[in-house]
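Read through the structure below, which is laid out as structure tokens, and then see the notes.
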Amino acid sequence: MSVYRLEDLRNQKKAVSPEALLENLSRDLEIRKSIGIWCFSPGGGRFHERYHPEMSIPERIEKAAELAKFGITGIEAHYPAELNEETLPLFQRLEKEAGVKVAAVPFSHFYEKDFEFGSLSNPDPRVREKAIGIAVKGLEMVKKAGASLAISWPGNDGYRYPYGKPFAAMWDRFEGALAEAMDAVPGVRVAIEPKGYEPVANNIYRNTAEGLLAAARIEARLKNTENRKLLEEGRALVTLNPEIGHTRMSFEVPAQAYALCLYEGRLGHTHWNSQPEGNFDQDNNIGVVDPASAEALLWTLWAGGYKGWFGIDINPENMPIEKAAGINCRFLERLKERVAAMPHEEILACHEEPASHRGRLEEILLEHF
């Protein structure tokens, strides 16, 4: 069975020059596909009942084994809502029998009523202690399950009204609490997932840059000797898990947002779907909205030396999960085929020597349309 291994992200910072990008593009890109177990049976929304029957965790595990035929080799599940001490043997059996391992373990920090006013940033120390306890056990579960990392999506941490909000106190509580949990379970990586809004009106980390600043501040607070040693070696312990939908909700350019994480050596995980700019969080199938943006993103990850998971994070409320998983897996592979066919050296020349390549990038994109 899988054992926990801290993946080395230090190569990400080296992919800066065009030569380094071309070297990465000359290598094959492994599309390691994972999918969130929460996608299997979408719940109802604010305005309608669920369209799919509820599925138990054993039923979802059985379904995950069937999805392996599409090339899915990873499953993501929240601790403790989906993956916990009781269900862990089911996930371990899934890996043994179907080759689908636990890829990432998000914390269940947003759904329960106790987290109405936030989790790790909650001003009530009793609630904050509960959130820290979930994070500690979630990090332990990462090790037990052999996952790559934990994910912190602080969906209910933030605020409704900015007037008089003590922002620094909010950030200080969250970052101190997460550092405390990480020091209790040293050597395990966490990825922060920024989002502009929903379910809270304004998220604690609204965009990629804010998430990166938080990552550096949290690492600076780590005290455990094992954690400090890893940081001294240049290993990132607090990383980001950007999601296409979340970046576009905040009017970011996905390729640039993910590239910024690579430049900082902090792209720990990725979530894939599609989304119009702004709007509510839709979690559409990959490439349905603005496929050119998804292709540009894949080029960026390939050139940047990304070796992590491609996490499918969708809300297929109008189709069965088998149909949705097949579509998304095929789209990822199709993106890879398109990027592989591109004249990379000439594309880079269009950007590095723009005066002598006027209109050439447009011609290349037109030729490969």
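As shown in the structure tokens, the chain order sets the letters A, B, ...; within each chain, residues go from 1, and ligands are also counted from 1 in the order they appear.
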Within range 18-170 of chain A, find each residue whose DSSP state, derived from the backbone, is alpha helix (DSSP H), and express the selection as a ChimeraX atom specification. /A:18-25,57-67,88-98,125-145,167-170
Just to be explicit: take each residue in the selection above, keep C-alpha atoms, and write the result as a tab-separated table (two decimals), in the first residue's frame.
chain	number	residue	atom	x	y	z
A	18	PRO	CA	12.92	29.73	-22.36
A	19	GLU	CA	15.60	27.04	-22.55
A	20	ALA	CA	14.38	25.47	-19.31
A	21	LEU	CA	10.78	25.60	-20.52
A	22	LEU	CA	11.71	23.89	-23.78
A	23	GLU	CA	13.61	21.21	-21.92
A	24	ASN	CA	10.52	20.41	-19.86
A	25	LEU	CA	8.33	20.41	-22.97
A	57	ILE	CA	-19.15	6.13	1.05
A	58	PRO	CA	-19.02	2.37	0.27
A	59	GLU	CA	-21.18	3.00	-2.82
A	60	ARG	CA	-18.89	5.83	-3.91
A	61	ILE	CA	-15.82	3.67	-3.39
A	62	GLU	CA	-17.37	1.01	-5.62
A	63	LYS	CA	-18.07	3.66	-8.25
A	64	ALA	CA	-14.50	4.97	-8.02
A	65	ALA	CA	-13.21	1.52	-8.93
A	66	GLU	CA	-15.31	1.64	-12.10
A	67	LEU	CA	-13.84	5.04	-13.06
A	88	LEU	CA	-9.90	4.25	5.59
A	89	PRO	CA	-9.89	0.45	5.01
A	90	LEU	CA	-12.34	0.97	2.13
A	91	PHE	CA	-9.99	3.44	0.46
A	92	GLN	CA	-7.04	1.13	1.04
A	93	ARG	CA	-8.95	-1.71	-0.60
A	94	LEU	CA	-9.76	0.58	-3.52
A	95	GLU	CA	-6.06	1.14	-4.09
A	96	LYS	CA	-5.21	-2.54	-3.77
A	97	GLU	CA	-7.97	-3.81	-6.06
A	98	ALA	CA	-8.41	-0.98	-8.59
A	125	PRO	CA	-11.26	29.73	20.73
A	126	ARG	CA	-13.44	26.64	21.30
A	127	VAL	CA	-14.45	26.47	17.65
A	128	ARG	CA	-10.90	27.21	16.57
A	129	GLU	CA	-9.64	24.31	18.70
A	130	LYS	CA	-12.13	22.00	17.01
A	131	ALA	CA	-10.84	23.15	13.60
A	132	ILE	CA	-7.23	22.60	14.70
A	133	GLY	CA	-8.16	19.10	15.86
A	134	ILE	CA	-9.63	18.30	12.43
A	135	ALA	CA	-6.49	19.63	10.75
A	136	VAL	CA	-4.20	17.57	12.99
A	137	LYS	CA	-6.13	14.36	12.38
A	138	GLY	CA	-6.43	15.22	8.70
A	139	LEU	CA	-2.65	15.55	8.42
A	140	GLU	CA	-2.26	12.22	10.22
A	141	MET	CA	-4.70	10.73	7.72
A	142	VAL	CA	-2.54	11.99	4.84
A	143	LYS	CA	0.27	9.84	6.23
A	144	LYS	CA	-1.92	6.82	6.91
A	145	ALA	CA	-3.46	6.90	3.44
A	167	PHE	CA	-8.35	41.73	8.84
A	168	ALA	CA	-4.95	41.21	10.44
A	169	ALA	CA	-6.50	39.42	13.44
A	170	MET	CA	-8.42	37.12	11.07
Could you build a table of the residues in range 181-217 of chain A lying no more than 7 Å from range 151-160 of chain A, giving for each the nearest pair of atoms and their separation in Å rounded to one decimal place, using only C-alpha atoms, ordered by chain and ascending residue number, as CSV?
residue,atom,partner,partner_atom,distance
A:Val190,CA,A:Ile151,CA,5.6
A:Ala191,CA,A:Ile151,CA,4.7
A:Ile192,CA,A:Ser152,CA,4.8
A:Glu193,CA,A:Trp153,CA,4.9
A:Pro194,CA,A:Trp153,CA,6.9
A:Glu198,CA,A:Gly155,CA,6.6
A:Pro199,CA,A:Gly155,CA,6.0
A:Val200,CA,A:Asn156,CA,5.0
A:Ala201,CA,A:Arg160,CA,5.0
A:Asn202,CA,A:Tyr159,CA,5.3
A:Asn203,CA,A:Gly158,CA,4.4
A:Ile204,CA,A:Gly158,CA,4.1
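Rounded to one decimal, CA of Ala340 in chain A and CA of Thr208 in chain A lie 27.4 Å from each other.
In this model, the gap between CA of Glu367 in chain A and CA of Cys329 in chain A comes to 25.2 Å.
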Would you please extract all strand (DSSP E) residues from range 81-295 of chain A, as assigned by DSSP on the backbone, and give them as a list of chain:residue names? A:Lys101, A:Val102, A:Ala103, A:Ala104, A:Val105, A:Pro106, A:Leu149, A:Ala150, A:Ile151, A:Ser152, A:Gly158, A:Tyr159, A:Val190, A:Ala191, A:Ile192, A:Asn202, A:Asn203, A:Val238, A:Thr239, A:Leu240, A:Thr270, A:His271, A:Trp272
